[in-house]
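The data block below is protein-v3.cif; it holds mmCIF, C-alpha atoms and all ligand atoms.
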```cif
data_data
loop_
_atom_site.label_atom_id
_atom_site.label_comp_id
_atom_site.auth_asym_id
_atom_site.auth_seq_id
_atom_site.Cartn_x
_atom_site.Cartn_y
_atom_site.Cartn_z
CA MET A 6 -121.05 -189.55 55.88
CA VAL A 7 -118.97 -186.99 54.00
CA LEU A 8 -115.95 -186.70 56.29
CA ASN A 9 -115.91 -190.38 57.19
CA LYS A 10 -114.76 -190.98 53.61
CA TYR A 11 -111.56 -189.08 54.36
CA ARG A 12 -110.47 -191.39 57.15
CA GLU A 13 -108.20 -193.26 54.75
CA ASN A 14 -106.65 -190.01 53.45
CA VAL A 15 -105.49 -188.92 56.91
CA ARG A 16 -104.51 -192.39 58.14
CA GLY A 17 -100.84 -191.99 57.15
CA TYR A 18 -100.50 -188.72 59.10
CA LEU A 19 -102.24 -190.16 62.12
CA GLU A 20 -99.99 -193.22 62.08
CA ALA A 21 -96.91 -190.97 61.93
CA ILE A 22 -98.10 -189.17 65.07
CA VAL A 23 -98.97 -192.41 66.81
CA LYS A 24 -95.66 -194.26 66.25
CA PRO A 25 -93.70 -192.35 68.93
CA LEU A 26 -96.66 -192.74 71.29
CA ALA A 27 -96.56 -196.49 70.73
CA LYS A 28 -92.79 -196.52 71.37
CA ALA A 29 -93.36 -194.59 74.60
CA GLY A 30 -95.68 -197.41 75.67
CA LEU A 31 -98.90 -195.38 75.76
CA THR A 32 -102.03 -197.54 75.65
CA PRO A 33 -105.11 -196.71 73.53
CA ASN A 34 -107.27 -196.38 76.65
CA THR A 35 -104.86 -193.82 78.14
CA VAL A 36 -105.12 -191.78 74.93
CA THR A 37 -108.93 -192.03 75.11
CA VAL A 38 -108.87 -190.64 78.65
CA LEU A 39 -106.57 -187.82 77.51
CA GLY A 40 -109.06 -186.96 74.75
CA LEU A 41 -111.87 -186.73 77.28
CA ILE A 42 -109.82 -184.46 79.55
CA LEU A 43 -109.22 -182.11 76.60
CA SER A 44 -112.95 -182.07 75.80
CA LEU A 45 -113.78 -181.24 79.41
CA LEU A 46 -111.22 -178.44 79.34
CA SER A 47 -112.84 -177.16 76.15
CA ALA A 48 -116.27 -177.24 77.83
CA TYR A 49 -114.86 -175.23 80.74
CA LEU A 50 -113.41 -172.65 78.34
CA TYR A 51 -116.80 -172.36 76.61
CA SER A 52 -118.40 -171.71 80.01
CA LEU A 53 -115.88 -168.85 80.47
CA ARG A 54 -117.01 -167.40 77.10
CA GLU A 55 -113.70 -168.16 75.41
CA PRO A 56 -115.02 -169.92 72.27
CA ARG A 57 -111.85 -169.51 70.19
CA LEU A 58 -109.62 -171.13 72.79
CA ALA A 59 -112.31 -173.70 73.53
CA ALA A 60 -112.52 -174.65 69.84
CA LEU A 61 -108.74 -174.97 69.59
CA VAL A 62 -108.66 -177.33 72.58
CA LEU A 63 -111.64 -179.23 71.15
CA LEU A 64 -109.81 -179.60 67.83
CA ILE A 65 -106.79 -181.08 69.61
CA GLY A 66 -109.14 -183.30 71.63
CA SER A 67 -110.76 -184.50 68.38
CA LEU A 68 -107.37 -185.28 66.93
CA VAL A 69 -106.56 -187.28 70.07
CA ASP A 70 -109.89 -189.08 69.56
CA ALA A 71 -108.65 -190.14 66.14
CA LEU A 72 -105.29 -191.19 67.62
CA ASP A 73 -106.63 -193.68 70.18
CA GLY A 74 -108.17 -195.91 67.52
CA THR A 75 -105.16 -195.49 65.24
CA LEU A 76 -102.84 -196.52 68.08
CA ALA A 77 -105.07 -199.49 68.91
CA ARG A 78 -105.09 -200.72 65.31
CA LEU A 79 -101.37 -200.13 64.73
CA THR A 80 -100.32 -202.02 67.87
CA GLY A 81 -102.93 -204.77 67.60
CA LYS A 82 -104.52 -203.57 70.84
CA THR A 83 -108.09 -202.97 69.67
CA SER A 84 -110.50 -204.14 72.30
CA ARG A 85 -114.25 -204.28 72.75
CA PHE A 86 -113.92 -202.34 75.99
CA GLY A 87 -111.79 -199.73 74.20
CA ALA A 88 -114.54 -199.28 71.59
CA PHE A 89 -117.12 -198.92 74.37
CA LEU A 90 -114.89 -196.46 76.26
CA ASP A 91 -114.29 -194.37 73.12
CA SER A 92 -118.01 -194.08 72.28
CA THR A 93 -119.06 -193.44 75.88
CA PHE A 94 -116.47 -190.70 76.29
CA ASP A 95 -117.67 -189.19 72.99
CA ARG A 96 -121.11 -188.81 74.55
CA ILE A 97 -119.68 -187.24 77.73
CA SER A 98 -117.65 -184.89 75.56
CA ASP A 99 -120.64 -183.89 73.37
CA GLY A 100 -122.77 -183.28 76.47
CA ALA A 101 -120.08 -181.37 78.35
CA VAL A 102 -119.32 -179.06 75.42
CA LEU A 103 -122.98 -178.11 74.93
CA PHE A 104 -123.38 -177.70 78.69
CA GLY A 105 -120.36 -175.39 78.74
CA ILE A 106 -121.79 -173.38 75.84
CA ALA A 107 -125.11 -173.02 77.66
CA LEU A 108 -123.41 -172.15 80.97
CA GLY A 109 -121.45 -169.41 79.22
CA SER A 110 -124.75 -168.09 77.80
CA LEU A 111 -123.28 -168.33 74.31
CA VAL A 112 -126.64 -169.68 73.17
CA ASP A 113 -130.13 -169.98 74.66
CA TRP A 114 -130.04 -173.07 76.93
CA ARG A 115 -133.19 -174.43 75.23
CA VAL A 116 -131.39 -174.47 71.86
CA ALA A 117 -128.40 -176.23 73.46
CA PHE A 118 -130.78 -178.77 75.01
CA LEU A 119 -132.54 -179.56 71.70
CA THR A 120 -129.17 -179.80 69.93
CA LEU A 121 -127.95 -182.20 72.58
CA ILE A 122 -131.01 -184.44 72.18
CA GLY A 123 -130.52 -184.45 68.39
CA SER A 124 -126.82 -185.28 68.67
CA TYR A 125 -127.41 -188.07 71.17
CA LEU A 126 -130.26 -189.52 69.08
CA VAL A 127 -128.05 -189.66 65.99
CA SER A 128 -125.48 -191.76 67.86
CA TYR A 129 -128.11 -193.84 69.68
CA GLU A 130 -129.95 -194.72 66.47
CA ARG A 131 -126.80 -196.07 64.87
CA CYS A 132 -125.85 -198.07 67.92
CA ARG A 133 -129.36 -199.52 68.43
CA ALA A 134 -129.99 -200.26 64.75
CA GLU A 135 -126.61 -201.99 64.36
CA LEU A 136 -127.40 -204.08 67.44
CA ALA A 137 -130.70 -205.05 65.76
CA GLY A 138 -128.76 -206.19 62.68
CA SER A 139 -128.98 -203.24 60.27
CA GLY A 140 -125.30 -203.41 59.31
CA LYS A 141 -123.16 -200.27 59.46
CA LEU A 142 -125.53 -197.29 59.79
CA ALA A 143 -122.98 -194.55 59.11
CA VAL A 144 -125.52 -192.47 57.18
CA GLY A 145 -126.75 -188.91 57.41
CA ILE A 146 -125.72 -185.36 56.73
CA ALA A 147 -124.19 -184.65 60.14
CA GLU A 148 -122.20 -187.41 61.76
CA ARG A 149 -120.00 -186.53 64.72
CA ALA A 150 -117.06 -185.25 62.65
CA GLU A 151 -119.34 -182.82 60.77
CA ARG A 152 -121.04 -181.67 63.98
CA LEU A 153 -117.68 -180.98 65.64
CA ILE A 154 -116.18 -179.16 62.67
CA ILE A 155 -119.24 -176.89 62.27
CA LEU A 156 -119.22 -176.02 65.97
CA MET A 157 -115.48 -175.32 65.96
CA ALA A 158 -115.59 -173.29 62.75
CA PHE A 159 -118.27 -170.91 64.09
CA SER A 160 -116.54 -170.71 67.47
CA PHE A 161 -113.31 -169.63 65.77
CA ILE A 162 -115.12 -166.67 64.19
CA GLY A 163 -115.87 -165.20 67.60
CA VAL A 164 -117.98 -165.05 70.71
CA GLU A 165 -121.09 -163.72 68.95
CA TYR A 166 -121.01 -166.47 66.32
CA ALA A 167 -120.74 -169.64 68.40
CA LYS A 168 -124.54 -169.69 68.72
CA TYR A 169 -124.98 -169.98 64.95
CA GLY A 170 -122.77 -173.07 65.08
CA VAL A 171 -125.09 -174.59 67.67
CA TYR A 172 -128.18 -173.68 65.59
CA LEU A 173 -126.69 -175.31 62.50
CA VAL A 174 -125.50 -178.40 64.37
CA GLY A 175 -128.96 -178.73 65.94
CA ILE A 176 -130.79 -178.46 62.61
CA LEU A 177 -128.43 -180.85 60.80
CA ALA A 178 -128.42 -183.31 63.71
CA TRP A 179 -132.23 -183.49 63.64
CA ILE A 180 -132.19 -184.00 59.86
CA THR A 181 -129.72 -186.85 60.47
CA VAL A 182 -132.08 -188.30 63.08
CA PHE A 183 -134.75 -188.63 60.39
CA GLN A 184 -132.27 -189.91 57.79
CA ARG A 185 -131.06 -192.65 60.13
CA PHE A 186 -134.61 -193.46 61.22
CA TYR A 187 -135.62 -193.98 57.61
CA ALA A 188 -132.48 -196.01 56.81
CA ALA A 189 -133.09 -198.20 59.85
CA TYR A 190 -136.71 -198.67 58.83
CA GLN A 191 -135.65 -199.73 55.33
CA ARG A 192 -133.12 -202.24 56.62
CA LEU A 193 -134.94 -203.66 59.63
CA LYS A 194 -138.64 -203.71 58.65
C1 LIG A 201 -98.45 -182.53 61.99
C2 LIG A 201 -99.36 -182.79 60.92
C3 LIG A 201 -98.91 -183.17 59.65
C4 LIG A 201 -100.67 -183.16 61.41
C5 LIG A 201 -101.65 -183.62 60.38
C6 LIG A 201 -102.92 -183.97 61.04
C7 LIG A 201 -104.06 -183.94 60.07
C8 LIG A 201 -104.17 -185.21 59.30
C9 LIG A 201 -105.31 -183.55 60.77
C10 LIG A 201 -106.29 -184.64 60.98
C11 LIG A 201 -107.24 -184.24 62.00
C12 LIG A 201 -108.44 -185.12 62.13
C13 LIG A 201 -108.21 -186.57 61.95
C14 LIG A 201 -109.03 -184.87 63.50
C15 LIG A 201 -110.08 -183.92 63.46
C16 LIG A 201 -111.39 -184.56 63.14
C17 LIG A 201 -112.43 -184.07 64.02
C18 LIG A 201 -112.73 -182.65 63.76
C19 LIG A 201 -113.64 -184.90 63.93
C20 LIG A 201 -113.73 -185.95 65.02
O1 LIG A 201 -113.42 -187.09 64.51
C21 LIG A 201 -113.45 -188.21 65.32
C22 LIG A 201 -112.40 -189.11 64.80
C23 LIG A 201 -112.27 -190.37 65.59
O2 LIG A 201 -113.46 -191.12 65.57
P1 LIG A 201 -113.54 -192.49 66.38
O3 LIG A 201 -113.11 -192.30 67.78
O4 LIG A 201 -114.91 -193.05 66.15
O5 LIG A 201 -112.50 -193.43 65.59
P2 LIG A 201 -111.17 -194.14 66.03
O6 LIG A 201 -110.71 -193.72 67.36
O7 LIG A 201 -110.23 -194.04 64.90
O8 LIG A 201 -111.63 -195.66 66.09
C24 LIG A 201 -112.52 -196.19 67.06
C25 LIG A 201 -112.19 -197.65 67.18
O9 LIG A 201 -110.84 -197.81 67.64
C26 LIG A 201 -110.75 -198.85 68.59
N1 LIG A 201 -110.34 -198.33 69.91
C27 LIG A 201 -110.47 -197.00 70.19
C28 LIG A 201 -110.09 -196.54 71.44
C29 LIG A 201 -109.60 -197.43 72.40
N2 LIG A 201 -109.21 -197.01 73.64
N3 LIG A 201 -109.47 -198.73 72.11
C30 LIG A 201 -109.84 -199.19 70.87
O10 LIG A 201 -109.72 -200.41 70.63
C31 LIG A 201 -112.09 -199.52 68.62
O11 LIG A 201 -112.12 -200.53 67.66
C32 LIG A 201 -113.03 -198.38 68.23
O12 LIG A 201 -114.24 -198.85 67.68
O13 LIG A 201 -112.64 -189.37 63.44
C33 LIG A 201 -111.47 -189.25 62.68
C34 LIG A 201 -111.71 -189.39 61.24
C35 LIG A 201 -112.42 -188.21 60.65
C36 LIG A 201 -113.80 -188.60 60.25
C37 LIG A 201 -111.61 -187.71 59.50
C38 LIG A 201 -111.92 -186.28 59.19
C39 LIG A 201 -111.04 -185.79 58.10
C40 LIG A 201 -111.14 -184.32 57.87
C41 LIG A 201 -110.79 -184.04 56.48
C42 LIG A 201 -110.27 -183.63 58.87
C43 LIG A 201 -110.30 -182.13 58.78
C44 LIG A 201 -109.82 -181.56 60.06
C45 LIG A 201 -109.47 -180.12 59.99
C46 LIG A 201 -108.15 -179.94 60.69
C47 LIG A 201 -110.59 -179.32 60.60
C48 LIG A 201 -110.32 -177.87 60.77
C49 LIG A 201 -111.54 -177.05 60.52
C50 LIG A 201 -111.66 -175.90 61.46
C51 LIG A 201 -112.30 -174.76 60.77
C52 LIG A 201 -112.37 -176.22 62.68
O1 LIG A 202 -122.98 -191.76 65.15
P1 LIG A 202 -122.25 -190.47 65.24
O2 LIG A 202 -122.46 -189.80 66.55
O3 LIG A 202 -122.52 -189.59 64.08
O4 LIG A 202 -120.67 -190.82 65.09
C1 LIG A 202 -119.86 -191.75 65.75
C2 LIG A 202 -120.29 -193.15 65.70
O5 LIG A 202 -120.67 -193.48 64.44
C3 LIG A 202 -119.20 -194.06 66.17
O6 LIG A 202 -119.49 -195.41 65.94
C4 LIG A 202 -118.98 -193.86 67.64
O7 LIG A 202 -117.94 -194.67 68.13
C5 LIG A 202 -118.71 -192.45 67.97
O8 LIG A 202 -119.03 -192.28 69.32
C6 LIG A 202 -119.36 -191.36 67.10
O9 LIG A 202 -120.34 -190.74 67.80
MG MG A 203 -111.37 -192.53 68.90
MG MG A 204 -113.99 -190.91 70.69
#
```

Just give me the structure of the file as structure tokens.
Ligand SMILES: CC(C)CCC[C@@H](C)CCC[C@@H](C)CCC[C@@H](C)CCOC[C@@H](COP(=O)(O)OP(=O)(O)OC[C@H]1O[C@@H](n2ccc(N)nc2=O)[C@H](O)[C@@H]1O)OCC[C@H](C)CCC[C@H](C)CCC[C@H](C)CCCC(C)C
Ligand SMILES: O=P([O-])([O-])O[C@@H]1[C@@H](O)[C@H](O)[C@@H](O)[C@H](O)[C@@H]1O
Ligand SMILES: [Mg+2]
Ligand SMILES: [Mg+2]
Amino acid sequence: MVLNKYRENVRGYLEAIVKPLAKAGLTPNTVTVLGLILSLLSAYLYSLREPRLAALVLLIGSLVDALDGTLARLTGKTSRFGAFLDSTFDRISDGAVLFGIALGSLVDWRVAFLTLIGSYLVSYERCRAELAGSGKLAVGIAERAERLIILMAFSFIGVEYAKYGVYLVGILAWITVFQRFYAAYQRLK
């Protein structure tokens, strides 16, 4: 909700990064796959209890996630499958990162599990409500960009602090679940 507004502000920078990629003939789907690989690497680093490095790799992976769509739009190669691939890989990434955090015992696995359910529900609600005709349901305090930035910010502080990032993401994700539920109710009832 909050960060989504800044998409336009960073578009110019993202396009500047994407132009050489387009010249090199990279396709949006290849970039999407690269983003997933970076997220999986980040998850692995979390499992090794290296949250700072993991967050850095996740930040680069998130940037790559912004580049695939930018490349698609700039080269006129947006596709329905690409949109599906992007969202599906986002879910794999979100799950893998929390799994890595739990594996590395950076947080109690039960907290990671509840945070994962909240995060997935936020995304599912939007997808399902939009399919039912709600119109764009990009509402709530913690969309994916917010969830990622909070997790990365706490991870950068150090190994003892990553868990507070997961707590906060979990709480805000569940608040967003209720916000989206209410918005969907208002629009679809
Ligand atoms: C060298 C420099 C000058 C570099 C400057 C770079 C800066 C501008 C930095 C910008 C970084 C920022 C954009 C990335 C970080 C954001 C990240 C933390 C949050 C994750 O965001 C996700 C991202 C992408 O979302 P989507 O995948 O949903 O969107 P798109 O891919 O664009 O579109 C999907 C759409 O495209 C089509 N498509 C896609 C793929 C495919 N294969 N085929 C396709 O056809 C299809 O139509 C799909 O439907 O969201 C990016 C926007 C974000 C919301 C903006 C956030 C702005 C914020 C101010 C950035 C602050 C970042 C800061 C560096 C954080 C540091 C904090 C630290 C403490 C952790
Ligand atoms: O809904 P959310 O999770 O906050 O944020 C995002 C969705 O709004 C978006 O449409 C989808 O492509 C991404 O996978 C991402 O997850
Ligand atoms: Mg993307
Ligand atoms: Mg993505």

Could you report the residues within 8 Å of ligand LIG 201 (chain A), using all atoms listed in the file, as an NGL selection string?
:A and (8-12 or 14-19 or 22 or 32-37 or 60-61 or 64-65 or 67-78 or 82-92 or 95 or 149-151 or 153-159 or 161)

Kindly give the distance, in Å, that separates CA of Thr181 (chain A) and CA of Arg115 (chain A), rounded to a single decimal.
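Value for the CA of Thr181 (chain A)-CA of Arg115 (chain A) distance: 19.6 Å.
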
I'd like the interatomic distance between CA of Phe118 (chain A) and CA of Leu136 (chain A), to a tenth of an Å.
26.6 Å

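With all atoms listed in the file as the basis for measurement, A:Ile97 is the residue among A:Ile97, A:Val116, A:Ile106, A:Ala188 that approaches ligand LIG 202 (chain A) most closely.
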
Shell around Ala117 (chain A) at 10 Å using all atoms listed in the file, local window under 5 positions removed, as a ChimeraX atom specification
/A:100,102-108,110-112,122-123,168,171-172,174-175

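Excluding Leu43 (chain A) and any residue on its chain fewer than 2 positions from it, the residues at most 9 Å away by all atoms listed in the file are Val38, Leu39, Gly40, Leu41, Leu45, Leu46, Ser47, Ala48, Val62, Leu63, Ile65, Gly66, Ser67, Val69 and Ser98 of chain A.
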
Computed interatomic separation between atom O8 of ligand LIG 202 (chain A) and CA of Ala27 (chain A) (Å)
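Between atom O8 of ligand LIG 202 (chain A) and CA of Ala27 (chain A) the gap works out to 22.9 Å.
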
Selected residue, from A:Ile42, A:Gly109, A:Trp114, A:Glu130, that lies nearest to Phe94 (chain A) when counting only C-alpha atoms:
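Comparing A:Ile42, A:Gly109, A:Trp114, A:Glu130 against Phe94 (chain A), the winner is A:Ile42.
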
What's around Gly145 (chain A) at 10 Å? Count all atoms listed in the file, leave out sequence neighbours fewer than 2 positions away in its own chain, and write the answer as number ranges by chain.
A: 6-7, 127, 142-143, 147-148, 177-186, 188

Check the smallest atom-to-atom distance from each of A:Arg96, A:Gly30, A:Ile176, A:Gly138 to ligand MG 203 (chain A) using all atoms listed in the file, then report the winner.
A:Arg96

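Among A:Glu55, A:Ser44, A:Asp113, A:Ser160, the residue with the shortest atom-to-atom distance to ligand MG 204 (chain A), counting all atoms listed in the file, is A:Ser44.
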
Edge lengths and centre, in Å to one decimal, as lines of an AutoDock Vina configuration file: that's what I need for the box along x, y and z that holds all listed atoms of region 35-53 of chain A plus 4 Å on each side.
```
center_x = -111.6
center_y = -181.3
center_z = 77.7
size_x = 21.5
size_y = 33.0
size_z = 14.0
```
